[in-house]
Amino acid sequence: MSLQPYRQVLALPGVRTAMLLFFFTRLPMTATGITLTLHVVSDLGRGYGEAGLVGTATMLGSALGAPVVGRMIDRYGLRAVTSVCGLTSAAFWLATPHLPYAALLVTALPAGALVLPASSIARQVLTALVPPESRRSAYSLDSILLETSFMVGPSAGIALSTQLSSTVALSGIGVCFALGTLALCWFNPPIRHEAEAVTAERPPMREWLTPRLVGALLVASGALFCLMGTELATLAALRATGEVGWTGVVIAVMCVASAVGGIVHGAVRKSLSQARLMVLLTVLVIPVGLATGLPWWLLALALVPTNLACAPTLASTAEEVTGLAPPRVRGEAMGLLDAATRLGMAAGSPVVGFVIDHTGPGWGFAAAGLFGLGFAAVAFGLRRRSARVPAVAPL
């Protein structure tokens with residue numbers, strides 16, 4: 001295994017600046033889920049299922065809005081759309097700690113529809129800056145940086161919530177959204193390569209939204225369902241043993257394992273397929289439930305195998321969608337990918353939260369893995385169906 005592919009990617013003009021920009025832009029996003037959960041459970045006195053409903057409303061709104069936002073980026077450019085989305089996100093998170101539960105639940109959906117789509121924008125920018133033969137390494141590096149963000153963001157959210165207050169933590173998220181929006185508008189990175197042929201008219205969706213592409217989107221949904229459910233079950237397991245203060249450390253271990261998997265995925269000549277990576281991610285999380293009730297460090301070790309497949313699964317999904325979507329509709333395709341991931345997150349929180357509330361954290365891990373495996377099975381069926389359809393020459 002050689003790190004030369006990463007050196008080649010980072011040597012390309014604009015890549016280092018874009019990577020650094022999106023690392024800081026996504027930091028507040030990584031802290032939103034667990035910080036909001038702690039706020040609803042601890043400060044508002046609600047259960048994990050009710051906390052999951054607020055997260056579901058936010059994610060459902062962003063899932064509905066992401067394709068529309070992506071289409072607007074295709075049409076009006078990055079700076080105009082980013083300004084509206086970023087300011088809306090900042091206003092929502094600044095107001096969140098001052099809202100009662102009912103108002104929080106109602107406003108979460110429209111606020112989520114205009115959330116800053118940092119991840120989909122990052123993929124578009126990397127596609128514009130990196131040639132096709134190096135994109136797997138670029139997406140792997142982006143996934144590694146995303147995992148690094150998850151090491152910092154949730155830990156900072158937990159520390160601020162437990163040491164100061166959830167008001168400080170949620171307000172800090174709003175300020176970070178505002179600063180990230182200003183930086184993104186200032187640099188205004190490209191979203192298409194200058195040499196890409198872009199047609200004046202948008203191709204109809206039925207021409208490019210193939211069963212294979214739908215299958216890739218389902219893998220994204222299943223992966224985030226599994227990851228969100230795993231994170232929630234981890235928090236519940238540590239809270240049940242009185243070790244919630246170690247949550248940030250456990251999440252950091254999970255992120256390091258994911259980053260290691262991402263490094264290997266982007267450096268080797270040939271990696272595992274998207275479907276196989278997804279199966280590994282979901283199957284390996286099921287036995288983690290056996291580690292609940294044990295000390296926090298044993299739980300962290302039990303979570304390492306499944307997280308080794310996390311970054312590779314996300315990177316292979318981005319590579320798959322980018323390769324299947326025409327440049328003219330890449331923003332919309334990335335919006336669909338963003339929507340798929342957020343739908344998985346939105347479904348994972350209440351479903352796994354319901355299981356935890358009624359059976360305990362151990363079965364929460366099993367539910368995360370089994371439901372994620374169901375997504376993978378449907379995606380595999382669509383992929384097989386797409387392989388049986390004879391190829392048709394483009395008009």
# chains A, B, ... in the order shown; residues from 1 in each chain; ligands from 1
$ residues_around --residues "Ser171 (chain A)" --least-positions-apart "3" --cutoff "10 Å" --atoms "only C-alpha atoms" --output "MDAnalysis selection string"
chainID A and resid 90:98 166:168 174:177
$ closest_atom_pairs --of "region 126-226 of chain A" --to "region 58-70 of chain A" --cutoff "12 Å" --atoms "only C-alpha atoms" --output "Markdown table"
| residue | atom | partner | partner_atom | distance |
| --- | --- | --- | --- | --- |
| A:Ile191 | CA | A:Gly70 | CA | 11.0 |
| A:Met205 | CA | A:Pro67 | CA | 11.8 |
| A:Ser221 | CA | A:Ala63 | CA | 10.7 |
| A:Leu224 | CA | A:Met59 | CA | 11.4 |
| A:Phe225 | CA | A:Met59 | CA | 11.6 |
$ closest_residue --among "A:Thr127, A:Thr317, A:Ser89, A:Thr37" --to "Leu218 (chain A)" --atoms "only C-alpha atoms"
A:Thr317
$ atom_distance --atom1 "CA of Gly364 (chain A)" --atom2 "CA of Ala233 (chain A)"
5.3 Å
$ residues_around --residues "Glu201 (chain A)" --least-positions-apart "5" --cutoff "12 Å" --atoms "only C-alpha atoms" --output "list in words"
Asp74, Arg75, Pro326, Pro327, Arg328 and Val329 of chain A
$ write_last_selection --atoms "N, CA, C and O atoms" --output "PDB file, in the first residue's frame"
ATOM      1  N   ASP A  74     -27.080  24.003  -9.590  1.00  0.00           N
ATOM      2  CA  ASP A  74     -26.846  23.809 -11.021  1.00  0.00           C
ATOM      3  C   ASP A  74     -27.264  25.034 -11.830  1.00  0.00           C
ATOM      4  O   ASP A  74     -26.630  25.381 -12.830  1.00  0.00           O
ATOM      5  N   ARG A  75     -28.324  25.692 -11.401  1.00  0.00           N
ATOM      6  CA  ARG A  75     -28.903  26.781 -12.184  1.00  0.00           C
ATOM      7  C   ARG A  75     -28.327  28.153 -11.833  1.00  0.00           C
ATOM      8  O   ARG A  75     -28.003  28.942 -12.727  1.00  0.00           O
ATOM      9  N   PRO A 326     -24.753  12.638 -15.141  1.00  0.00           N
ATOM     10  CA  PRO A 326     -24.184  13.573 -16.130  1.00  0.00           C
ATOM     11  C   PRO A 326     -23.768  14.879 -15.462  1.00  0.00           C
ATOM     12  O   PRO A 326     -24.356  15.288 -14.453  1.00  0.00           O
ATOM     13  N   PRO A 327     -22.743  15.577 -15.989  1.00  0.00           N
ATOM     14  CA  PRO A 327     -22.285  16.834 -15.371  1.00  0.00           C
ATOM     15  C   PRO A 327     -23.375  17.894 -15.249  1.00  0.00           C
ATOM     16  O   PRO A 327     -23.380  18.661 -14.293  1.00  0.00           O
ATOM     17  N   ARG A 328     -24.320  17.945 -16.189  1.00  0.00           N
ATOM     18  CA  ARG A 328     -25.349  18.978 -16.170  1.00  0.00           C
ATOM     19  C   ARG A 328     -26.269  18.864 -14.959  1.00  0.00           C
ATOM     20  O   ARG A 328     -26.835  19.867 -14.499  1.00  0.00           O
ATOM     21  N   VAL A 329     -26.431  17.656 -14.443  1.00  0.00           N
ATOM     22  CA  VAL A 329     -27.341  17.449 -13.315  1.00  0.00           C
ATOM     23  C   VAL A 329     -26.589  16.942 -12.088  1.00  0.00           C
ATOM     24  O   VAL A 329     -27.181  16.331 -11.209  1.00  0.00           O
TER      25      VAL A 329
END
$ atom_distance --atom1 "CA of Ser119 (chain A)" --atom2 "CA of Gly372 (chain A)"
21.2 Å
$ select_by_dssp --residues "region 66-283 of chain A" --states "helix (DSSP H, G or I)" --output "PyMOL selection string"
chain A and resi 66-76+78-98+101-113+118-129+132-163+166-187+205-208+211-240+244-267+274-283
$ atom_distance --atom1 "CA of Thr35 (chain A)" --atom2 "CA of Met254 (chain A)"
17.7 Å
$ closest_residue --among "A:Val125, A:Met29, A:Leu284, A:Leu182" --to "Cys226 (chain A)" --atoms "only C-alpha atoms"
A:Leu284
$ residues_around --residues "Val264 (chain A)" --least-positions-apart "5" --cutoff "10 Å" --atoms "only C-alpha atoms" --output "list in words"
Met1, Ser2, Leu3, Ser137, Ser140, Ala259, Arg269, Ser271, Leu308, Ala311 and Pro312 of chain A
$ closest_residue --among "A:Ala80, A:Ala366, A:Ala257, A:Val268" --to "Leu290 (chain A)" --atoms "only C-alpha atoms"
A:Ala366
$ closest_residue --among "A:Pro28, A:Pro361, A:Gly353, A:Gly222" --to "Ser149 (chain A)" --atoms "only C-alpha atoms"
A:Pro28
$ residues_around --residues "Thr241 (chain A)" --least-positions-apart "4" --cutoff "12 Å" --atoms "only C-alpha atoms" --output "mmCIF file with N, CA, C and O atoms, in the first residue's frame"
data_model
loop_
_atom_site.group_PDB
_atom_site.id
_atom_site.type_symbol
_atom_site.label_atom_id
_atom_site.label_comp_id
_atom_site.auth_asym_id
_atom_site.auth_seq_id
_atom_site.Cartn_x
_atom_site.Cartn_y
_atom_site.Cartn_z
ATOM 1 N N THR A 234 -24.764 3.660 21.246
ATOM 2 C CA THR A 234 -23.542 3.875 22.022
ATOM 3 C C THR A 234 -23.789 4.871 23.146
ATOM 4 O O THR A 234 -23.382 4.649 24.305
ATOM 5 N N LEU A 235 -24.458 5.981 22.823
ATOM 6 C CA LEU A 235 -24.776 6.971 23.844
ATOM 7 C C LEU A 235 -25.655 6.380 24.941
ATOM 8 O O LEU A 235 -25.426 6.605 26.135
ATOM 9 N N ALA A 236 -26.664 5.579 24.545
ATOM 10 C CA ALA A 236 -27.562 4.968 25.525
ATOM 11 C C ALA A 236 -26.821 3.959 26.402
ATOM 12 O O ALA A 236 -27.066 3.870 27.614
ATOM 13 N N ALA A 237 -25.912 3.191 25.795
ATOM 14 C CA ALA A 237 -25.161 2.197 26.560
ATOM 15 C C ALA A 237 -24.265 2.865 27.596
ATOM 16 O O ALA A 237 -24.163 2.408 28.742
ATOM 17 N N GLY A 245 -19.755 10.562 30.142
ATOM 18 C CA GLY A 245 -18.640 11.478 29.957
ATOM 19 C C GLY A 245 -17.568 10.938 29.028
ATOM 20 O O GLY A 245 -16.753 11.705 28.505
ATOM 21 N N TRP A 246 -17.559 9.606 28.811
ATOM 22 C CA TRP A 246 -16.589 8.990 27.912
ATOM 23 C C TRP A 246 -17.111 8.869 26.479
ATOM 24 O O TRP A 246 -16.440 8.290 25.625
ATOM 25 N N THR A 247 -18.288 9.414 26.213
ATOM 26 C CA THR A 247 -18.884 9.280 24.879
ATOM 27 C C THR A 247 -17.977 9.866 23.804
ATOM 28 O O THR A 247 -17.790 9.273 22.736
ATOM 29 N N ALA A 291 -21.479 -6.226 24.123
ATOM 30 C CA ALA A 291 -20.526 -5.475 24.936
ATOM 31 C C ALA A 291 -21.198 -4.427 25.811
ATOM 32 O O ALA A 291 -20.510 -3.733 26.566
ATOM 33 N N THR A 292 -22.522 -4.271 25.732
ATOM 34 C CA THR A 292 -23.205 -3.305 26.587
ATOM 35 C C THR A 292 -23.158 -3.772 28.037
ATOM 36 O O THR A 292 -23.243 -4.967 28.337
ATOM 37 N N GLY A 293 -23.011 -2.831 28.934
ATOM 38 C CA GLY A 293 -22.854 -3.142 30.352
ATOM 39 C C GLY A 293 -21.420 -3.328 30.760
ATOM 40 O O GLY A 293 -21.115 -3.376 31.964
ATOM 41 N N LEU A 294 -20.509 -3.440 29.780
ATOM 42 C CA LEU A 294 -19.080 -3.570 30.069
ATOM 43 C C LEU A 294 -18.452 -2.181 30.152
ATOM 44 O O LEU A 294 -19.067 -1.180 29.783
ATOM 45 N N PRO A 295 -17.215 -2.061 30.632
ATOM 46 C CA PRO A 295 -16.547 -0.761 30.684
ATOM 47 C C PRO A 295 -16.478 -0.101 29.304
ATOM 48 O O PRO A 295 -16.468 -0.782 28.268
ATOM 49 N N TRP A 296 -16.383 1.221 29.295
ATOM 50 C CA TRP A 296 -16.454 1.991 28.054
ATOM 51 C C TRP A 296 -15.378 1.587 27.063
ATOM 52 O O TRP A 296 -15.614 1.586 25.846
ATOM 53 N N LEU A 299 -16.389 -1.459 25.062
ATOM 54 C CA LEU A 299 -17.376 -1.089 24.063
ATOM 55 C C LEU A 299 -16.708 -0.415 22.871
ATOM 56 O O LEU A 299 -17.056 -0.683 21.703
ATOM 57 N N GLY A 360 -33.626 -1.887 25.466
ATOM 58 C CA GLY A 360 -32.287 -1.623 25.979
ATOM 59 C C GLY A 360 -31.277 -1.372 24.872
ATOM 60 O O GLY A 360 -31.532 -1.651 23.697
ATOM 61 N N PRO A 361 -30.092 -0.838 25.219
ATOM 62 C CA PRO A 361 -29.085 -0.475 24.218
ATOM 63 C C PRO A 361 -28.565 -1.649 23.394
ATOM 64 O O PRO A 361 -28.225 -1.487 22.225
#
$ residues_around --residues "Met228 (chain A)" --least-positions-apart "3" --cutoff "9 Å" --atoms "only C-alpha atoms" --output "PyMOL selection string"
chain A and resi 33+223-225+231-233+344-349+352+368
$ write_last_selection --atoms "C-alpha atoms" --output "PDB file, in the first residue's frame"
ATOM      1  CA  GLY A  33     -27.266  15.136  16.247  1.00  0.00           C
ATOM      2  CA  ALA A 223     -25.200   3.118   5.788  1.00  0.00           C
ATOM      3  CA  LEU A 224     -26.362   6.286   7.556  1.00  0.00           C
ATOM      4  CA  PHE A 225     -29.270   4.423   9.188  1.00  0.00           C
ATOM      5  CA  GLU A 231     -24.187   6.293  17.621  1.00  0.00           C
ATOM      6  CA  LEU A 232     -27.498   6.481  19.478  1.00  0.00           C
ATOM      7  CA  ALA A 233     -27.081   2.981  20.942  1.00  0.00           C
ATOM      8  CA  GLY A 344     -31.254   7.093   6.523  1.00  0.00           C
ATOM      9  CA  MET A 345     -30.282   9.290   9.460  1.00  0.00           C
ATOM     10  CA  ALA A 346     -33.877  10.436   9.932  1.00  0.00           C
ATOM     11  CA  ALA A 347     -35.148   6.853   9.998  1.00  0.00           C
ATOM     12  CA  GLY A 348     -32.314   5.538  12.151  1.00  0.00           C
ATOM     13  CA  SER A 349     -32.888   7.866  15.110  1.00  0.00           C
ATOM     14  CA  VAL A 352     -33.354   2.547  16.973  1.00  0.00           C
ATOM     15  CA  ALA A 368     -29.065  -0.743  13.461  1.00  0.00           C
TER      16      ALA A 368
END
